[in-house]
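Here's the structure we're looking at; comments come further down.
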2 protein chains.
Amino acid sequence: MSTNETGPPTDGLDALLRPRSIAVVGVSSSGRGLGATTVRTIQRFGFDGPVVAVNPRATEVAGVPCYPSLREVPHQVDLALLFTGGDRIRDSVLDAAAAGVGAIVIFASGFAEGGADGAVREREIIELARAHGIRVLGPNCQGVVSLAGGLAATFSNALWTDEIGPPSPVAYIGQSGAIGGAVFDLGRERGCVPALWISTGNQADLSVVELADRALDDDGLRVLMLYLESVPHADDWIPLCRRAAELGKHIVLLRSGTTEVGRSAVASHTGSMVGQDEAFKLASSAAGVVVVSDINELVDAAMSLVRGAAPSGRRIGVVTTSGGAGGLCADMSVELGLEMATLSPETTASLIPVLSDFAQPHNPVDVTADLVSGRPHDLGEVCRLVAADPAVDHVLVVVSAVVGKIAERIARGIIEARTCSETAFSVVYLSSHDRTLEVRRIYAEGGIPVFDSIGAALRATSHVVTAGSVGTTVPTGHRTPAPSDAPAYRVLTEAEGSPVLVAAGIAVPGGRLTRSRAEAEAVAGELGDDLVVKLQSPQILHKTEMGLVVVGATAAEVGALYDEMTARAVRHAPHAVVEGVLVQRRVRSGVEVLIDVQVQDKGYPPVLTVGLGGTAVELYADVETGLLPVDHDTALQMLRRLRGWPLLDGFRGGPVHDVDAAAQAIVATSEVATALGPTLVEFEINPLIVHEKGHGATAVDFVAHLEPGAAEPIVRPSDRDSRPVGAEVSR
Amino acid sequence: MSTNETGPPTDGLDALLRPRSIAVVGVSSSGRGLGATTVRTIQRFGFDGPVVAVNPRATEVAGVPCYPSLREVPHQVDLALLFTGGDRIRDSVLDAAAAGVGAIVIFASGFAEGGADGAVREREIIELARAHGIRVLGPNCQGVVSLAGGLAATFSNALWTDEIGPPSPVAYIGQSGAIGGAVFDLGRERGCVPALWISTGNQADLSVVELADRALDDDGLRVLMLYLESVPHADDWIPLCRRAAELGKHIVLLRSGTTEVGRSAVASHTGSMVGQDEAFKLASSAAGVVVVSDINELVDAAMSLVRGAAPSGRRIGVVTTSGGAGGLCADMSVELGLEMATLSPETTASLIPVLSDFAQPHNPVDVTADLVSGRPHDLGEVCRLVAADPAVDHVLVVVSAVVGKIAERIARGIIEARTCSETAFSVVYLSSHDRTLEVRRIYAEGGIPVFDSIGAALRATSHVVTAGSVGTTVPTGHRTPAPSDAPAYRVLTEAEGSPVLVAAGIAVPGGRLTRSRAEAEAVAGELGDDLVVKLQSPQILHKTEMGLVVVGATAAEVGALYDEMTARAVRHAPHAVVEGVLVQRRVRSGVEVLIDVQVQDKGYPPVLTVGLGGTAVELYADVETGLLPVDHDTALQMLRRLRGWPLLDGFRGGPVHDVDAAAQAIVATSEVATALGPTLVEFEINPLIVHEKGHGATAVDFVAHLEPGAAEPIVRPSDRDSRPVGAEVSR
């Protein structure tokens with residue numbers, strides 16, 4: 001794709017992106033329709049190799065030679081664009097194979113997106129192409145544009161204009177051609193023309209991820225705008241993010257229509273806390289990918305990144321022709337997690353002689369109408385002074401309805417200030433487009449991004465700063481089990497799992513699983529009064545609701561409780577396997593913390609969730625989520641980010657709790673989950689009781705779901721039933 | 001302001017809005033500067049009365065006669081526009097008075113917005129004008145435009161264009177002229193030209209609210225866009241909202257730069273929960289005002305309202321040329337509280353023959369590229385069918401990069417569909433402006449609002465639907481105390497306030513305030529074991545943190561606790577007045593609810609806040625807020641809207657609590673607060689313990705702040721200290 005490489009295509013991707021010759025198959029002999037349109041677009045963009053059409057009923061169409069079949073084209077064809085539909089596509093693929101074509105684009109729809117029949121036909125065609133070594137873009141796509149190579153193999157009308165300026169080092173690669181067309185057109189108008197543009201449609205063969213990976217090889221590209229309709233596999237996505245970060249390039253991601261990914265429906269009340277896309281989003285953000293939620297935001301963020309308008313921090317200096325707009329900037333900055341910079345006394349002093357009499361030299365700097373009408377060029381000087389303040393990471397200039405020559409003088413002043421500064425700049429133009437097309441073009445050519453609203457500018461800044469600040473902590477991929485239709489997990493109860501926790505260094509209450517009334521009474525006798533008694537069954541997850549947990553029992557009560565609980569379990573859950581009754585010492589005083597690990601689909605690492613207090617988790621969703629593995633510092637950060645953190649840290653003069661022990665338990669959970677590897681489905685300690693500082697933390701309930709075929713837990717005591725499991729280890 | 005009224009001005013407002021003659025004072029003899037610009041703008045808009053300039057050094061400027069002074073103009077002047085500055089303004093006002101001018105506009109800045117000196121000069125000028133019966137717009141403003149009357153008395157360059165189309169029944173009235181200019185220009189481009197436009201600047205005399213009230217008289221206006229930089233007094237604002245609602249007109253409000261309103265800094269930990277603008281926002285929203293947060297949103301919402309694009313409900317039917325964009329619409333609708341409509345089987349059946357082969361007849365309806373390129377007009381037919389479905393409240397059409405003739409044919413099809421339908425329509429145009437100026441004009445002329453992004457369109461819809469659905473529950477104004485510099489409240493402790501609660505029907509624990517160790521021991525003897533012991537001092541609000549509350553004391557411990565607590569109070573708060581020690585029966589088992597009433601500034605009714613559970617209130621801000629008075633149904637709704645509501649309603653199989661008793665206590669609190677009237681500052685029950693269903697609710701702690709001069713509480717027991725206060729009334 002690089003402009004300087006002109007050798008023959010070395011693979012199908014090369015044939016797609018740097019073809020030496022193109023054949024357009026299915027061009028109407030009338031010269032109308034999408035095929036002919038595409039022929040004309042290809043010619044207009046100055047493709048410098050042979051272009052031919054294929055149609056048995058013509059010898060020339062749209063100004064190019066026309067042949068009855070691909071087989072009869074008298075020269076090598078690298079790229080074939082198929083505008084044929086239905087059954088003829090199969091013939092076209094066979095012709096392409098015979099003609100030695102390297103890549104084809106299938107524009108027709110009516111394949112996998114239409115249902116099962118289409119999916120079968122789509123698979124057959126792709127298999128046929130693969131069998132002949134041909135790479136396929138599509139079907140149901142809008143083609144490929146590579147401006148550096150003069151390639152415009154698309155019918156998208158986003159390219160039906162002669163006013164396309166020089167390309168920017170930006171690519172759009174996405175499934176949707178319509179969204180791609182909007183992105184191209186919006187970018188073009190703002191001087192941010194995508195040098196590479198690919199619509200992958202159903203991506204039956206070539207995917208957004210594979211093409212993005214190839215685009216990273218191009219030295220002429222710095223920002224990739226990607227649009228995805230489903231979550232790619234982590235084995236593809238995470239290395240792509242890692243490569244982009246290593247190369248200092250940016251990915252901006254728009255994702256739509258969250259599909260029902262086939263994640264196992266884990267039987268757990270915390271299941272709803274972590275959305276199915278969560279690991280994908282976490283992995284993307286952790287890798288510095290800018291995740292946006294609207295088409296305009298995709299272009300805005302890319303424009304900010306490519307124009308060097310990606311600030312180094314969150315402190316905004318506002319220069320405005322409207323005091324009211326300055327107030328709105330301040331309000332919205334706070335909402336978006338940005339800050340209004342405090343200008344230094346030096347900056348304030350230097351602003352005074354430049355500003356009008358009644359203008360205040362504070363951020364936001366309202367230059368007032370006097371300066372705008374009398375000395376428009378000085379607005380640039382104000383920007384230069386604000387940009388020079390070390391407290392300012394980003395200069396946001398808000399220009400209200402200013403038009404004509406004054407607007408142009410303001411623009412040139414701002415561009416000059418930008419040119420002399422290391423600080424990021426952006427402009428909000430609060431004016432109609434019809435009166436400001438020319439001045440917007442001046443900003444675009446001057447390399448300053450222009451936004452249509454304060455909100456849009458600040459959102460782009462917030463996106464870009466957030467992505468910049470997370471650095472390049474790209475997570476590693478993770479092996480996960482193949483999806484299974486039968487949700488028949490192997491459930492590890494607290495009694496079974498306790499040895500695993502103890503081995504990992506997580507304290508559990510003193511106690512033991514008992515299998516008869518007599519045994520329960522005996523264990524109670526060992527442990528003394530103030531006990532917790534719980535029925536254990538892998539099928540009964542919500543014991544409390546079924547009255548199968550008693551807290552604060554005396555030793556004398558335990559025998560009767562054993563009988564009651566086992567009887568109640570049989571009554572309420574006749575098919576449940578009852579392992580026995582767990583008799584434990586009651587653990588007192590502490591703050592309840594939830595630690596949960598859930599496996600993710602498509603190769604993403606498991607997600608670890610921490611929450612504070614049982615009620616807070618459920619009612620307030622006060623949880624923090626991270627990707628495995630979690631280290632001690634990350635664990636502490638996650639705890640501190642909880643809104644309920646004060647409860648651990650001396651709420652209302654209360655005790656400070658052992659947050660180090662809590663963090664250790666989180667790390668240990670992360671390690672156990674990692675060790676369980678592909679057998680893990682979910683692993684939850686709920687709650688971990690965090691005691692006062694210096695007194696550790698104890699896991700008082702626990703459940704794990706493993707894959708049906710999983711081996712026994714990694715740590716297995718030699719004789720689990722004959723000794724009290726665990727001990728209240730003080731950490 | 002109505003076009004048909006042409007009589008002489010009957011008051012200063014008439015002179016401003018419907019002048020028969022205008023004098024522009026301070027026009028440079030060179031014909032340059034803002035004054036001369038304004039003269040030209042006035043002429044260009046066809047003002048049909050005499051226009052003169054005032055300047056001692058010219059006899060004609062910018063094509064109009066020029067006089068040395070207002071006094072020497074040979075005819076009546078209704079409106080004088082002052083471009084003079086500094087001391088000359090005073091002379092101009094005296095001249096205006098002598099000439100019988102009805103209203104003046106002061107454009108100059110350097111008054112109250114610049115500091116104390118400017119504020120003094122501003123006040124002097126306004127007093128002078130008032131003394132002569134002259135109304136003043138400004139200072140620091142950009143004037144007034146009333147297109148129906150051919151009046152364009154402004155230097156705003158938003159009017160420097162010949163392409164202003166017919167006015168829409170929309171007004172902009174706001175402090176900022178720059179924001180006003182942007183609103184005018186953005187509205188004009190979208191075919192939503194404000195018929196009335198006023199910048200009030202410092203609004204030293206005429207305010208946004210007074211002018212908006214006058215604008216409601218104009219039958220030609222249906223939507224008022226208001227921009228405010230401070231909260232108006234409730235006595236002005238609430239009647240305005242009420243009138244607008246009664247007249248079926250809409251107010252869209254943009255508020256910026258929340259100022260530090262002079263609300264008394266009430267000493268309470270819940271103070272931070274309710275922002276200072278809260279009552280203003282609640283009152284505005286309750287009255288159906290559309291509250292927006294960005295300039296573009298102001299124009300977008302007004303455009304939706306004036307174009308009949310205000311849907312009757314939240315169900316959106318999407319017709320799109322891009323399947324990807326349809327997915328984004330679905331994602332964002334959910335986030336914004338809208339719904340994707342489910343199309344009826346009839347609609348689905350009728351769509352199939354119109355759609356292309358591979359298009360799915362489900363919402364969002366992706367018409368596919370085939371239909372766009374082959375049968376663009378049929379997109380209108382698809383819209384018509386979707387709009388006809390009773391399940392669809394709003395048709396959102398998303399047009400991706402479609403330009404030229406096809407775009408125009410699509411536009412005409414959509415306009416035709418809209419014309420035949422009762423359903424609201426809007427269009428998102430995902431294209432550059434430079435290639436779609438003409439087609440956007442077609443939509444504007446066809447009465448269909450066009451938005452630049454999916455997010456903008458859905459936000460406008462959400463704003464408008466929400467405002468429409470709250471109806472016209474306009475709150476009544478409320479008398480509040482005059483602001484006082486000295487924050488010396490009279491604090492009512494629990495012991496003092498309990499009789500007030502009991503009289504209102506709110507149960508309190510059995511117990512009594514004691515003033516000696518012996519008395520404390522005696523009361524404890526009456527009450528038995530399991531007591532709550534609390535020190536009472538109006539200066540000590542956070543008793544728990546200071547160890548001045550003991551829960552679960554036995555009767556035998558009370559004597560010693562009395563001594564300890566009084567000693568600790570003296571040690572930690574030597575200046576606090578200790579009323580005594582409250583000895584109460586402990587109230588067990590229940591859910592804690594907070595009820596708080598806080599007085600508001602500027603005449604707004606007090607705000608009542610309900611929260612669930614002490615920790616949830618503080619850490620999770622789980623509160624609901626409403627304006628006084630609160631009735632039983634509203635109280636129940638507020639409780640149900642709390643995220644912690646399940647705790648009251650049988651959380652995890654737990655007990656159902658007495659929510660009726662809680663609601664009764666909320667209503668009783670509302671009544672007590674209303675009865676306290678202007679003496680109230682804050683009144684808080686924290687917590688009210690809500691018992692299990694049928695067992696009522698008990699207020700176990702309480703504090704009130706009253707104005708220093710407040711009379712004793714309305715309900716006063718004859719001998720407070722000699723009998724146990726209150727009783728555990730089961731309700």
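Just remember, in the structure tokens the first chain shown is A, the second B, etc., residues are 1-based per chain, and ligands are 1-based in the order shown.
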Please return, as an MDAnalysis selection string, all residues of chain A lying within 7 Å of chain B when only C-alpha atoms are considered. chainID A and resid 109:110 114 157:158 176 178:179 181:182 185:186 189 256:257 294 296 322 324:325 327:328 331 358 400:402 430:434 437 453 455 545 619:620 643:644 652:653
Which parts of range 138-291 of chain A does DSSP call strand (DSSP E or B) when run on the backbone here, written out as an MDAnalysis selection string? chainID A and resid 143:146 151:153 167:174 193:199 223:228 250:255 290:291
Mind dumping the selected residues with C-alpha atoms as a compact mmCIF listing (two decimals), in the first residue's frame?
# COMPACT_ATOMS: atom_id res chain seq x y z
CA GLY A 143 -15.05 -2.20 -1.91
CA VAL A 144 -11.67 -0.63 -1.37
CA VAL A 145 -9.99 2.75 -1.86
CA SER A 146 -6.27 3.39 -1.55
CA LEU A 151 -7.16 2.86 -6.39
CA ALA A 152 -10.85 3.65 -5.96
CA ALA A 153 -12.62 0.32 -6.41
CA PRO A 167 -5.12 12.26 1.82
CA SER A 168 -4.50 12.22 5.56
CA PRO A 169 -2.60 9.39 7.26
CA VAL A 170 -5.91 7.89 8.32
CA ALA A 171 -7.69 4.68 7.33
CA TYR A 172 -11.30 3.60 7.59
CA ILE A 173 -11.72 -0.16 7.76
CA GLY A 174 -15.18 -1.35 8.70
CA VAL A 193 -9.45 12.36 3.94
CA PRO A 194 -8.87 8.65 4.62
CA ALA A 195 -5.88 7.51 2.55
CA LEU A 196 -7.14 3.93 2.86
CA TRP A 197 -10.81 2.95 2.96
CA ILE A 198 -12.18 -0.58 3.03
CA SER A 199 -15.68 -1.93 3.53
CA VAL A 223 -4.72 6.43 12.71
CA LEU A 224 -7.08 3.53 11.97
CA MET A 225 -10.81 4.15 12.26
CA LEU A 226 -12.39 0.72 12.67
CA TYR A 227 -16.07 -0.11 12.62
CA LEU A 228 -17.12 -3.53 13.90
CA HIS A 250 -3.82 4.89 17.04
CA ILE A 251 -6.95 2.80 16.69
CA VAL A 252 -10.34 4.48 17.05
CA LEU A 253 -13.14 1.96 17.41
CA LEU A 254 -16.87 2.22 16.77
CA ARG A 255 -18.90 -0.82 17.68
CA VAL A 290 -10.16 5.09 21.59
CA VAL A 291 -13.67 3.65 21.91
Selection: 6 Å around Val583 in chain B, only C-alpha atoms, excl. self and same-chain fewer than 6 positions, as a list in words: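 Listed by chain and then number, they are Gly511, Arg512, Val532 and Val533 of chain B.
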Could you write those residues out with C-alpha atoms, as a CSV table (one decimal), in the first residue's frame?
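Contents of part.csv, freshly written:
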chain,number,residue,atom,x,y,z
B,511,GLY,CA,-37.8,8.3,76.2
B,512,ARG,CA,-36.9,11.7,77.6
B,532,VAL,CA,-30.1,4.4,73.3
B,533,VAL,CA,-28.3,7.2,75.1
Selection: 12 Å around Ala349 in chain B, only C-alpha atoms, excl. self and same-chain fewer than 5 positions, as a list in words: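 Counting only C-alpha atoms, the residues come to Leu343, Ser344, Val354, Leu355, Gln360, Pro361, His362, Val382, Leu385, Val386 and Asp389 of chain B.
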Please write the residues from the selection above to a file, keeping C-alpha atoms, as an mmCIF file, in the first residue's frame.
data_model
loop_
_atom_site.group_PDB
_atom_site.id
_atom_site.type_symbol
_atom_site.label_atom_id
_atom_site.label_comp_id
_atom_site.auth_asym_id
_atom_site.auth_seq_id
_atom_site.Cartn_x
_atom_site.Cartn_y
_atom_site.Cartn_z
ATOM 1 C CA LEU B 343 -43.606 -3.186 13.929
ATOM 2 C CA SER B 344 -46.975 -4.903 13.568
ATOM 3 C CA VAL B 354 -41.588 -2.257 -1.311
ATOM 4 C CA LEU B 355 -38.221 -3.344 0.044
ATOM 5 C CA GLN B 360 -35.409 -7.272 6.352
ATOM 6 C CA PRO B 361 -38.800 -5.720 7.154
ATOM 7 C CA HIS B 362 -37.929 -5.183 10.818
ATOM 8 C CA VAL B 382 -41.127 2.865 3.432
ATOM 9 C CA LEU B 385 -45.666 2.552 6.074
ATOM 10 C CA VAL B 386 -43.521 2.730 9.216
ATOM 11 C CA ASP B 389 -47.855 1.724 12.363
#
Between CA of Gly613 in chain A and CA of Pro687 in chain A, measure the distance and give it in Å to one decimal. 7.7 Å
Atom pair CA of Val39 in chain A / CA of Ala407 in chain B: separation (Å):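 We find that CA of Val39 in chain A and CA of Ala407 in chain B lie 21.9 Å from each other.
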Quote the spacing between CA of Gly580 in chain B and CA of Phe702 in chain B in Å to one decimal place. 15.6 Å
